[in-house]
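S.K.: Next comes input_22.csv, CSV, C-alpha atoms and all ligand atoms:
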```
chain,number,residue,atom,x,y,z
A,10,MET,CA,0.0,0.0,0.0
A,11,ALA,CA,1.2,3.5,-0.8
A,12,GLU,CA,0.7,4.7,2.8
A,13,GLN,CA,3.5,2.3,4.0
A,14,GLN,CA,6.0,4.5,2.1
A,15,LEU,CA,4.9,7.6,3.9
A,16,PRO,CA,6.5,8.9,7.1
A,17,LYS,CA,4.6,8.1,10.4
A,18,SER,CA,5.0,11.7,11.7
A,19,VAL,CA,5.8,15.0,10.1
A,20,ARG,CA,7.4,18.0,11.7
A,21,ILE,CA,5.7,21.2,10.8
A,22,VAL,CA,7.9,24.3,10.6
A,23,GLU,CA,5.5,27.2,10.9
A,24,VAL,CA,6.7,30.2,8.9
A,25,GLY,CA,3.6,32.4,9.1
A,26,PRO,CA,5.0,35.0,11.5
A,27,ARG,CA,8.0,35.4,9.1
A,28,ASP,CA,7.3,34.3,5.6
A,29,GLY,CA,3.6,34.9,6.1
A,30,LEU,CA,3.9,38.5,7.3
A,31,GLN,CA,7.1,39.8,5.6
A,32,ASN,CA,5.3,40.8,2.4
A,33,GLU,CA,2.4,42.5,4.1
A,34,LYS,CA,2.3,46.2,3.3
A,35,GLY,CA,0.2,47.5,6.2
A,36,VAL,CA,1.5,48.2,9.7
A,37,ILE,CA,1.2,45.0,11.8
A,38,SER,CA,1.9,45.7,15.5
A,39,THR,CA,4.4,43.7,17.4
A,40,ASP,CA,1.6,42.8,19.7
A,41,VAL,CA,-0.4,41.2,16.9
A,42,LYS,CA,2.7,39.2,15.9
A,43,LEU,CA,3.2,38.0,19.5
A,44,GLN,CA,-0.4,37.0,19.8
A,45,LEU,CA,-0.1,35.0,16.5
A,46,ILE,CA,3.0,33.2,17.8
A,47,ASP,CA,1.3,32.5,21.1
A,48,LYS,CA,-1.7,31.0,19.5
A,49,LEU,CA,0.4,28.8,17.2
A,50,ALA,CA,2.3,27.5,20.2
A,51,ASP,CA,-1.0,26.9,22.0
A,52,ALA,CA,-2.2,24.9,19.0
A,53,GLY,CA,0.7,22.6,19.4
A,54,VAL,CA,3.1,24.0,16.8
A,55,ALA,CA,6.6,23.1,18.1
A,56,TYR,CA,8.7,25.1,15.7
A,57,ILE,CA,7.8,28.7,14.9
A,58,GLU,CA,9.9,30.9,12.6
A,59,SER,CA,9.1,34.1,14.5
A,60,ALA,CA,11.1,36.9,13.0
A,61,SER,CA,13.7,37.9,10.5
A,62,PHE,CA,16.9,39.9,11.3
A,63,VAL,CA,17.3,41.4,7.8
A,64,SER,CA,17.7,45.0,6.8
A,65,PRO,CA,14.6,47.0,7.6
A,66,LYS,CA,15.2,49.0,4.4
A,67,TRP,CA,14.8,45.7,2.5
A,68,VAL,CA,11.9,44.3,4.5
A,69,PRO,CA,10.3,46.9,6.7
A,70,GLN,CA,7.7,44.5,8.1
A,71,MET,CA,10.4,42.6,9.9
A,72,GLY,CA,11.9,45.7,11.4
A,73,ASP,CA,10.7,44.8,14.9
A,74,ALA,CA,12.5,41.4,15.1
A,75,THR,CA,14.2,42.3,18.3
A,76,GLU,CA,10.9,43.4,20.0
A,77,VAL,CA,9.2,40.2,18.8
A,78,ILE,CA,11.9,37.8,20.1
A,79,THR,CA,12.4,39.6,23.4
A,80,GLY,CA,8.6,39.9,23.8
A,81,LEU,CA,7.9,36.1,23.4
A,82,ASN,CA,5.8,34.4,26.0
A,83,ARG,CA,7.9,31.3,25.7
A,84,LYS,CA,6.2,27.9,25.9
A,85,SER,CA,8.5,24.9,26.8
A,86,GLY,CA,9.1,22.5,24.0
A,87,VAL,CA,8.7,25.2,21.3
A,88,THR,CA,11.6,26.4,19.2
A,89,TYR,CA,11.4,30.1,18.3
A,90,ALA,CA,13.6,30.7,15.3
A,91,ALA,CA,14.6,33.6,13.0
A,92,LEU,CA,16.3,34.3,9.7
A,93,THR,CA,19.8,35.8,9.8
A,94,PRO,CA,21.3,36.7,6.4
A,95,ASN,CA,24.7,38.0,7.8
A,96,LEU,CA,26.7,38.5,10.9
A,97,LYS,CA,24.9,41.7,11.8
A,98,GLY,CA,21.6,39.8,11.7
A,99,LEU,CA,23.0,37.0,13.8
A,100,GLU,CA,24.5,39.3,16.4
A,101,SER,CA,21.1,41.0,16.8
A,102,ALA,CA,19.4,37.6,16.9
A,103,ILE,CA,21.7,36.3,19.6
A,104,ALA,CA,21.3,39.5,21.7
A,105,ALA,CA,17.5,39.1,21.4
A,106,GLY,CA,17.7,35.4,22.5
A,107,VAL,CA,16.5,33.3,19.6
A,108,ASP,CA,16.6,29.5,19.9
A,109,GLU,CA,17.7,28.8,16.4
A,110,VAL,CA,18.6,30.7,13.2
A,111,ALA,CA,18.4,30.2,9.4
A,112,VAL,CA,20.5,31.4,6.5
A,113,PHE,CA,19.0,31.6,3.1
A,114,GLY,CA,20.6,31.1,-0.2
A,115,ALA,CA,19.3,30.4,-3.7
A,116,ALA,CA,19.7,28.0,-6.6
A,117,SER,CA,19.3,31.0,-9.0
A,118,GLU,CA,21.9,33.7,-9.5
A,119,ALA,CA,19.4,36.3,-10.4
A,120,PHE,CA,17.2,35.7,-7.4
A,121,SER,CA,20.2,35.7,-5.1
A,122,GLN,CA,21.2,39.2,-6.4
A,123,LYS,CA,17.6,40.6,-6.1
A,124,ASN,CA,17.0,39.0,-2.7
A,125,ILE,CA,20.3,39.4,-0.8
A,126,ASN,CA,22.3,41.6,-3.1
A,127,CYS,CA,25.1,39.2,-3.9
A,128,SER,CA,25.9,36.1,-6.0
A,129,ILE,CA,25.4,32.6,-4.8
A,130,ALA,CA,29.1,32.1,-4.2
A,131,GLU,CA,29.3,35.4,-2.2
A,132,SER,CA,26.3,34.4,-0.2
A,133,LEU,CA,27.9,31.1,0.8
A,134,GLU,CA,31.1,33.0,1.8
A,135,ARG,CA,29.0,35.4,3.8
A,136,PHE,CA,27.4,32.4,5.6
A,137,ALA,CA,30.7,31.0,6.8
A,138,PRO,CA,31.3,33.5,9.7
A,139,VAL,CA,27.6,33.2,10.5
A,140,MET,CA,27.9,29.5,10.9
A,141,GLU,CA,31.0,30.0,13.0
A,142,LEU,CA,29.4,32.5,15.4
A,143,ALA,CA,26.3,30.4,15.6
A,144,LYS,CA,28.3,27.4,16.6
A,145,ALA,CA,30.2,29.3,19.2
A,146,ASN,CA,26.8,30.2,20.7
A,147,ASN,CA,25.5,26.7,20.5
A,148,LEU,CA,22.8,27.8,18.0
A,149,LYS,CA,21.6,25.4,15.4
A,150,VAL,CA,21.4,26.7,11.8
A,151,ARG,CA,18.8,25.8,9.2
A,152,GLY,CA,19.7,26.4,5.6
A,153,TYR,CA,17.2,27.5,2.9
A,154,VAL,CA,17.6,27.1,-0.8
A,155,SER,CA,15.2,29.3,-2.8
A,156,CYS,CA,13.9,28.9,-6.3
A,157,VAL,CA,14.4,25.1,-6.3
A,158,LEU,CA,11.7,24.5,-9.0
A,159,GLY,CA,11.9,27.8,-10.9
A,160,CYS,CA,13.0,31.4,-10.7
A,161,PRO,CA,11.0,34.5,-11.4
A,162,TYR,CA,14.0,35.9,-13.4
A,163,GLU,CA,15.7,32.8,-14.8
A,164,GLY,CA,12.8,30.4,-15.4
A,165,ASP,CA,13.7,26.7,-15.0
A,166,ILE,CA,16.3,25.7,-12.5
A,167,ALA,CA,18.4,22.5,-12.9
A,168,PRO,CA,18.0,20.0,-10.0
A,169,GLU,CA,21.8,19.7,-10.1
A,170,LYS,CA,22.2,23.3,-9.2
A,171,VAL,CA,19.8,22.9,-6.2
A,172,ALA,CA,21.8,19.9,-5.1
A,173,GLU,CA,25.1,21.8,-5.3
A,174,VAL,CA,23.9,24.6,-3.1
A,175,ALA,CA,22.1,22.3,-0.7
A,176,LYS,CA,25.3,20.2,-0.3
A,177,THR,CA,27.4,23.2,0.4
A,178,LEU,CA,25.0,24.5,3.1
A,179,TYR,CA,24.9,21.0,4.6
A,180,GLU,CA,28.7,20.7,4.6
A,181,MET,CA,29.0,24.1,6.2
A,182,GLY,CA,27.0,22.8,9.2
A,183,CYS,CA,23.3,23.5,8.5
A,184,TYR,CA,21.4,20.7,10.3
A,185,GLU,CA,18.5,20.8,7.9
A,186,ILE,CA,18.1,22.1,4.3
A,187,SER,CA,14.7,23.6,3.4
A,188,LEU,CA,14.1,23.5,-0.3
A,189,GLY,CA,11.9,26.4,-1.3
A,190,ASP,CA,9.6,26.6,-4.3
A,191,THR,CA,9.6,30.3,-3.8
A,192,ILE,CA,7.2,31.1,-6.7
A,193,GLY,CA,5.1,28.0,-6.4
A,194,VAL,CA,5.5,26.8,-10.0
A,195,GLY,CA,6.5,23.2,-9.3
A,196,THR,CA,4.5,20.1,-10.1
A,197,PRO,CA,4.7,16.7,-8.3
A,198,LEU,CA,7.0,14.8,-10.7
A,199,LYS,CA,9.4,17.8,-10.9
A,200,ALA,CA,9.4,18.0,-7.1
A,201,LYS,CA,10.2,14.3,-6.8
A,202,ALA,CA,13.0,14.6,-9.4
A,203,MET,CA,14.5,17.6,-7.5
A,204,ILE,CA,14.3,15.8,-4.1
A,205,ARG,CA,16.0,12.6,-5.6
A,206,GLU,CA,18.8,14.7,-7.0
A,207,VAL,CA,19.4,16.5,-3.7
A,208,ALA,CA,19.1,13.3,-1.7
A,209,LYS,CA,22.1,12.0,-3.6
A,210,VAL,CA,24.2,14.6,-1.6
A,211,VAL,CA,22.2,15.4,1.5
A,212,PRO,CA,20.4,12.6,3.5
A,213,VAL,CA,16.7,12.8,2.8
A,214,GLU,CA,15.9,13.0,6.5
A,215,LYS,CA,17.8,16.3,6.6
A,216,LEU,CA,15.5,17.8,3.9
A,217,ALA,CA,12.4,20.0,4.4
A,218,ALA,CA,9.8,20.9,1.8
A,219,HIS,CA,8.9,24.6,1.5
A,220,PHE,CA,6.2,25.1,-1.0
A,221,HIS,CA,4.4,28.3,-2.0
A,222,ASP,CA,1.0,27.7,-3.4
A,223,THR,CA,0.9,30.3,-6.2
A,224,TYR,CA,-0.2,27.7,-8.9
A,225,GLY,CA,-2.3,25.6,-6.4
A,226,GLN,CA,0.2,22.7,-6.6
A,227,ALA,CA,1.6,22.8,-3.1
A,228,LEU,CA,-0.4,20.0,-1.4
A,229,ALA,CA,0.2,17.7,-4.4
A,230,ASN,CA,3.9,18.5,-4.3
A,231,ILE,CA,4.0,17.8,-0.6
A,232,TYR,CA,2.4,14.4,-1.0
A,233,ALA,CA,4.9,13.7,-3.8
A,234,VAL,CA,7.9,14.5,-1.6
A,235,LEU,CA,6.5,12.6,1.4
A,236,GLU,CA,6.6,9.6,-0.9
A,237,GLU,CA,10.3,10.3,-1.3
A,238,GLY,CA,10.9,10.3,2.4
A,239,VAL,CA,10.7,14.0,3.3
A,240,ALA,CA,9.2,14.4,6.8
A,241,VAL,CA,9.6,18.1,7.5
A,242,VAL,CA,7.2,20.6,5.9
A,243,ASP,CA,7.2,24.4,6.1
A,244,SER,CA,3.9,26.1,6.0
A,245,SER,CA,2.1,29.3,6.9
A,246,VAL,CA,-1.1,29.6,8.9
A,247,GLY,CA,-3.9,31.1,6.7
A,248,GLY,CA,-1.8,30.5,3.7
A,249,LEU,CA,-0.3,33.9,4.2
A,250,GLY,CA,2.9,35.0,2.6
A,251,GLY,CA,5.1,35.8,-0.3
A,252,CYS,CA,8.6,37.0,-0.9
A,253,PRO,CA,9.0,40.8,-1.7
A,254,TYR,CA,11.8,39.9,-4.2
A,255,ALA,CA,9.7,37.3,-6.1
A,256,LYS,CA,6.9,39.2,-7.8
A,257,GLY,CA,3.6,37.5,-8.1
A,258,ALA,CA,4.6,34.8,-5.6
A,259,SER,CA,1.6,34.1,-3.3
A,260,GLY,CA,1.5,32.6,0.1
A,261,ASN,CA,3.0,29.4,1.5
A,262,VAL,CA,0.9,26.4,1.6
A,263,ALA,CA,-1.6,26.8,4.5
A,264,THR,CA,-0.6,25.0,7.6
A,265,GLU,CA,-4.3,24.1,8.2
A,266,ASP,CA,-4.5,22.4,4.8
A,267,VAL,CA,-1.2,20.5,5.4
A,268,VAL,CA,-2.4,19.3,8.8
A,269,TYR,CA,-5.8,18.2,7.5
A,270,MET,CA,-4.1,16.2,4.7
A,271,LEU,CA,-1.6,14.6,7.0
A,272,GLN,CA,-4.4,13.7,9.5
A,273,GLY,CA,-6.3,12.0,6.6
A,274,LEU,CA,-3.1,10.0,5.8
A,275,GLY,CA,-2.8,9.0,9.5
A,276,ILE,CA,0.4,11.0,9.9
A,277,GLU,CA,1.1,12.6,13.3
A,278,THR,CA,1.8,16.3,13.6
A,279,GLY,CA,1.0,17.0,17.3
A,280,ILE,CA,-1.2,20.0,16.1
A,281,ASP,CA,-4.7,20.7,17.2
A,282,LEU,CA,-6.5,21.5,13.9
A,283,ASN,CA,-9.4,23.4,15.5
A,284,LYS,CA,-7.0,25.7,17.4
A,285,LEU,CA,-5.0,26.2,14.2
A,286,VAL,CA,-8.0,27.2,12.2
A,287,ALA,CA,-8.9,29.7,14.9
A,288,THR,CA,-5.4,31.1,14.6
A,289,GLY,CA,-5.7,31.4,10.9
A,290,ASN,CA,-9.0,33.3,11.4
A,291,PHE,CA,-7.4,35.5,14.0
A,292,ILE,CA,-4.4,36.6,12.0
A,293,THR,CA,-6.2,37.2,8.7
A,294,GLU,CA,-8.8,39.2,10.4
A,295,ALA,CA,-6.2,41.2,12.5
A,296,ILE,CA,-4.3,42.2,9.3
A,297,GLY,CA,-7.3,42.5,7.0
A,298,SER,CA,-6.1,39.8,4.7
A,299,THR,CA,-7.9,37.0,2.9
A,300,ASN,CA,-7.7,33.6,4.6
A,301,ARG,CA,-6.2,31.4,1.9
A,302,SER,CA,-6.6,28.1,3.8
A,303,ARG,CA,-9.3,26.1,2.2
A,304,VAL,CA,-9.6,23.9,5.3
A,305,GLY,CA,-9.8,27.1,7.5
A,306,LEU,CA,-12.6,28.5,5.4
A,307,ALA,CA,-14.5,25.2,5.3
A,308,MET,CA,-14.2,24.5,9.0
A,309,SER,CA,-15.3,28.1,9.8
A,310,SER,CA,-18.4,28.2,7.6
A,401,LIG,P1,23.1,45.1,1.4
A,401,LIG,O1,22.5,46.4,1.1
A,401,LIG,O2,24.0,44.5,0.4
A,401,LIG,O3,23.9,45.1,2.8
A,401,LIG,O4,22.0,44.1,1.8
A,401,LIG,P2,25.0,46.0,3.5
A,401,LIG,O5,25.8,45.1,4.3
A,401,LIG,O6,25.6,46.9,2.4
A,401,LIG,O7,24.1,47.0,4.4
A,401,LIG,C1,23.2,48.0,4.0
A,401,LIG,C2,22.5,48.6,5.1
A,401,LIG,O8,21.6,47.6,5.7
A,401,LIG,C3,23.4,49.1,6.2
A,401,LIG,O9,22.6,50.2,6.8
A,401,LIG,C4,23.4,47.9,7.2
A,401,LIG,O10,23.7,48.3,8.5
A,401,LIG,C5,22.0,47.4,7.1
A,401,LIG,P3,23.0,51.7,6.5
A,401,LIG,O11,24.4,51.8,6.8
A,401,LIG,O12,22.6,51.9,5.1
A,401,LIG,O13,22.1,52.4,7.4
A,401,LIG,N1,22.0,45.9,7.4
A,401,LIG,C6,21.2,45.4,8.3
A,401,LIG,N2,20.3,45.9,9.2
A,401,LIG,C7,19.6,45.1,10.0
A,401,LIG,N3,19.8,43.7,10.0
A,401,LIG,C8,20.7,43.2,9.2
A,401,LIG,C9,21.4,44.0,8.3
A,401,LIG,N4,22.4,43.8,7.4
A,401,LIG,C10,22.7,45.0,6.8
A,401,LIG,N5,20.9,41.8,9.2
A,401,LIG,C11,21.1,42.2,3.0
A,401,LIG,C12,22.2,42.8,2.1
A,401,LIG,C13,21.3,40.7,3.1
A,401,LIG,C14,21.2,42.8,4.4
A,401,LIG,C15,19.7,42.6,2.4
A,401,LIG,O14,19.8,42.2,1.0
A,401,LIG,C16,18.6,42.0,3.0
A,401,LIG,O15,18.3,42.3,4.2
A,401,LIG,N6,17.9,41.1,2.3
A,401,LIG,C17,16.8,40.3,2.9
A,401,LIG,C18,15.8,40.0,1.9
A,401,LIG,C19,14.7,39.2,2.5
A,401,LIG,O16,14.5,39.2,3.7
A,401,LIG,N7,13.9,38.4,1.7
A,401,LIG,C20,12.9,37.6,2.2
A,401,LIG,C21,13.4,36.4,2.9
A,401,LIG,S1,13.9,35.1,1.8
A,401,LIG,C22,12.5,34.2,1.4
A,401,LIG,O17,11.4,34.7,1.7
A,401,LIG,C23,12.6,32.9,0.8
A,401,LIG,C24,12.3,31.7,1.8
A,401,LIG,O18,11.0,31.9,2.4
A,401,LIG,C25,12.4,30.4,1.1
A,401,LIG,C26,11.6,30.3,-0.2
A,401,LIG,O19,10.4,30.7,-0.2
A,401,LIG,O20,12.2,29.9,-1.2
A,401,LIG,C27,13.4,31.7,2.9
A,402,MG,MG,9.2,31.2,1.4
```
Take the structure in the file and give it back as structure tokens.
M.R.:
Amino acid sequence: MAEQQLPKSVRIVEVGPRDGLQNEKGVISTDVKLQLIDKLADAGVAYIESASFVSPKWVPQMGDATEVITGLNRKSGVTYAALTPNLKGLESAIAAGVDEVAVFGAASEAFSQKNINCSIAESLERFAPVMELAKANNLKVRGYVSCVLGCPYEGDIAPEKVAEVAKTLYEMGCYEISLGDTIGVGTPLKAKAMIREVAKVVPVEKLAAHFHDTYGQALANIYAVLEEGVAVVDSSVGGLGGCPYAKGASGNVATEDVVYMLQGLGIETGIDLNKLVATGNFITEAIGSTNRSRVGLAMSS
């Protein structure tokens, strides 16, 4: 039976407070962000990417990263993480007291330039001292690779390129590599082929799937990569999100939809779906955005 090939449990990496909110234009108060994070933790989400220590000129919405991390009402067993693109970001993240950090590179040269203002090679060089300082502070580092199934500027991306960047990040000490379909153009067989290529150089249990749902393919892609052995899924409550440097990219796959699908497959997540749906309603109402979780809408009607 197909189910036997699927993982028994999946770890959800909730990226709503970061990826979900980073592209929102309106002012979102630190208090609303903190309420969101609290509700996610209360729903049983054990890993919450809570902020991003990037340049506020580049991503104004994440400008209160320090206030968010220092204001957390920490729940035991929950990891509160943040993005740190460079040493400056990491130093601020350490000062604020994050549990874990993430660096983010890309499989596309053009996207790397637009998103972090440097080439792929330069970005990897820039991450080396970040890895070092993180290690000296006993902080685990997650590594992202963006544009793994397509780039808004370059179009198709070769799976070999994704594997090369993923391997470098893994060898630099990232404990997990999150593979991002930043613009949500992937389809299931392409997603499988990409995972197979990366799994040749990074153990599949060290890989995470990060799908945006721009073309409505995210759940199908997740199912496809679960069959390849991936057991970590990034998602965003309410389906919020988008990258400011990837025009047209819509939100991450909705956490509610992922959890509903996993429950149907008999796969454990440790998350209370009713509380999660309430959280999706809370944040989309609080920021005046559309709830893009189909499960959230169905369960709230
Ligand atoms: P730069 O302009 O090349 O950097 O930007 P710089 O070192 O020349 O610094 C320029 C200014 O920014 C200076 O300030 C620095 O102090 C400041 P000034 O002297 O002009 O007043 N600065 C900072 N301030 C706060 N925190 C910092 C920081 N670093 C520099 N960490 C940089 C390079 C990387 C900083 C910039 O390009 C940047 O912040 N980019 C972030 C873009 C971003 O956040 N994108 C979204 C996240 S990635 C994503 O969404 C994809 C993902 O979800 C996966 C997927 O979907 O595929 C992860
Ligand atoms: Mg993303």
S.K.: One decimal, Å: what's the distance from atom CA of Glu236 of chain A over to atom CA of Val24 of chain A, could you say?
M.R.: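 If I compute the distance from atom CA of Glu236 of chain A to atom CA of Val24 of chain A, I get 22.8 Å.
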S.K.: Show me which residues are within 6 Å of ligand LIG 401 (chain A) counting only C-alpha atoms and all ligand atoms, and format the list as JSON, numbers by chain.
M.R.: {"A": [28, 62, 63, 64, 65, 67, 68, 94, 95, 97, 98, 113, 124, 125, 126, 153, 155, 156, 189, 190, 191, 252]}
S.K.: List the neighbours of Val54 of chain A out to 9 Å using all atoms listed in the file; skip same-chain residues closer than 4 positions along the sequence, and give me the result as a VMD selection string.
M.R.: chain A and resid 20 to 23 48 to 50 87 278 to 281 285
S.K.: So how far away is atom CA of Thr88 of chain A from atom CA of Gln14 of chain A, in Å?
M.R.: 28.3 Å
S.K.: My list of candidates is A:Gly159, A:Gly80, A:Gly182, A:Gly297. Which is closest to Lys34 of chain A when distances are computed with only C-alpha atoms?
M.R.: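 Nearest to Lys34 of chain A: A:Gly297.
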S.K.: At what distance in Å, to one decimal, does atom CA of Gly305 of chain A lie from atom CA of Gly248 of chain A?
M.R.: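 Computing it gives 9.5 Å between the two atoms.
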S.K.: Using only C-alpha atoms, which of the listed residues (A:Met181, A:Ala104, A:Ala175, A:Ala74) sits closest to Leu92 of chain A?
M.R.: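 Among A:Met181, A:Ala104, A:Ala175, A:Ala74, it is A:Ala74 that comes nearest to Leu92 of chain A.
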S.K.: Within 12 Å of ligand MG 402 (chain A), which residues of chain A show up? Give each one with its shortest atom-to-atom distance in Å (one decimal) and the two atoms involved, counting all atoms listed in the file, rows by chain then rising residue number, as a tab-separated table.
M.R.:
```
residue	atom	partner	partner_atom	distance
A:Val22	CA	A:MG402	MG	11.6
A:Glu23	CA	A:MG402	MG	11.0
A:Val24	CA	A:MG402	MG	8.0
A:Gly25	CA	A:MG402	MG	9.6
A:Pro26	CA	A:MG402	MG	11.6
A:Arg27	CA	A:MG402	MG	8.9
A:Asp28	CA	A:MG402	MG	5.6
A:Gly29	CA	A:MG402	MG	8.2
A:Leu30	CA	A:MG402	MG	10.8
A:Gln31	CA	A:MG402	MG	9.8
A:Asn32	CA	A:MG402	MG	10.4
A:Glu58	CA	A:MG402	MG	11.2
A:Leu92	CA	A:MG402	MG	11.4
A:Phe113	CA	A:MG402	MG	10.0
A:Gly114	CA	A:MG402	MG	11.5
A:Ala115	CA	A:MG402	MG	11.3
A:Asn124	CA	A:MG402	MG	11.8
A:Tyr153	CA	A:MG402	MG	8.9
A:Val154	CA	A:MG402	MG	9.6
A:Ser155	CA	A:MG402	MG	7.6
A:Cys156	CA	A:MG402	MG	9.3
A:Val157	CA	A:MG402	MG	11.1
A:Ser187	CA	A:MG402	MG	9.6
A:Leu188	CA	A:MG402	MG	9.3
A:Gly189	CA	A:MG402	MG	6.1
A:Asp190	CA	A:MG402	MG	7.3
A:Thr191	CA	A:MG402	MG	5.3
A:Ile192	CA	A:MG402	MG	8.3
A:Gly193	CA	A:MG402	MG	9.4
A:Ala218	CA	A:MG402	MG	10.3
A:His219	CA	A:MG402	MG	6.6
A:Phe220	CA	A:MG402	MG	7.2
A:His221	CA	A:MG402	MG	6.6
A:Asp222	CA	A:MG402	MG	10.1
A:Thr223	CA	A:MG402	MG	11.3
A:Val242	CA	A:MG402	MG	11.7
A:Asp243	CA	A:MG402	MG	8.5
A:Ser244	CA	A:MG402	MG	8.7
A:Ser245	CA	A:MG402	MG	9.2
A:Gly248	CA	A:MG402	MG	11.3
A:Leu249	CA	A:MG402	MG	10.3
A:Gly250	CA	A:MG402	MG	7.5
A:Gly251	CA	A:MG402	MG	6.4
A:Cys252	CA	A:MG402	MG	6.3
A:Pro253	CA	A:MG402	MG	10.1
A:Tyr254	CA	A:MG402	MG	10.7
A:Ala255	CA	A:MG402	MG	9.7
A:Ala258	CA	A:MG402	MG	9.1
A:Ser259	CA	A:MG402	MG	9.4
A:Gly260	CA	A:MG402	MG	7.9
A:Asn261	CA	A:MG402	MG	6.5
A:Val262	CA	A:MG402	MG	9.6
```
S.K.: Restricting the calculation to only C-alpha atoms: of A:Cys183, A:Leu133, A:Ala227, A:Met140, which residue gets closest to Lys215 of chain A?
M.R.: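 The closest residue to Lys215 of chain A is A:Cys183.
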S.K.: Leaving out Lys201 of chain A and any residue of its chain fewer than 5 positions from it, which residues lie within 9 Å of it when counting all atoms listed in the file, given as a list in words?
M.R.: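 Near neighbours after the sequence-gap exclusion: Thr196, Glu206, Asn230, Ala233, Val234, Glu236 and Glu237 of chain A.
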S.K.: Pick out the residues sitting within 8 Å of Lys176 of chain A, and hand them over as a PDB file with C-alpha atoms, keeping the file's coordinate frame; count all atoms listed in the file, and ignore anything fewer than 5 positions along from it in its own chain.
M.R.:
```
ATOM      1  CA  VAL A 207      19.400  16.500  -3.700  1.00  0.00           C
ATOM      2  CA  VAL A 210      24.200  14.600  -1.600  1.00  0.00           C
ATOM      3  CA  VAL A 211      22.200  15.400   1.500  1.00  0.00           C
TER       4      VAL A 211
END
```
S.K.: With all atoms listed in the file as the basis for distance, which of A:Ala111, A:Ala295, A:Ala217, A:Leu282 is at the shortest distance from Ser309 of chain A?
M.R.: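 Using all atoms listed in the file, the shortest distance to Ser309 of chain A belongs to A:Leu282.
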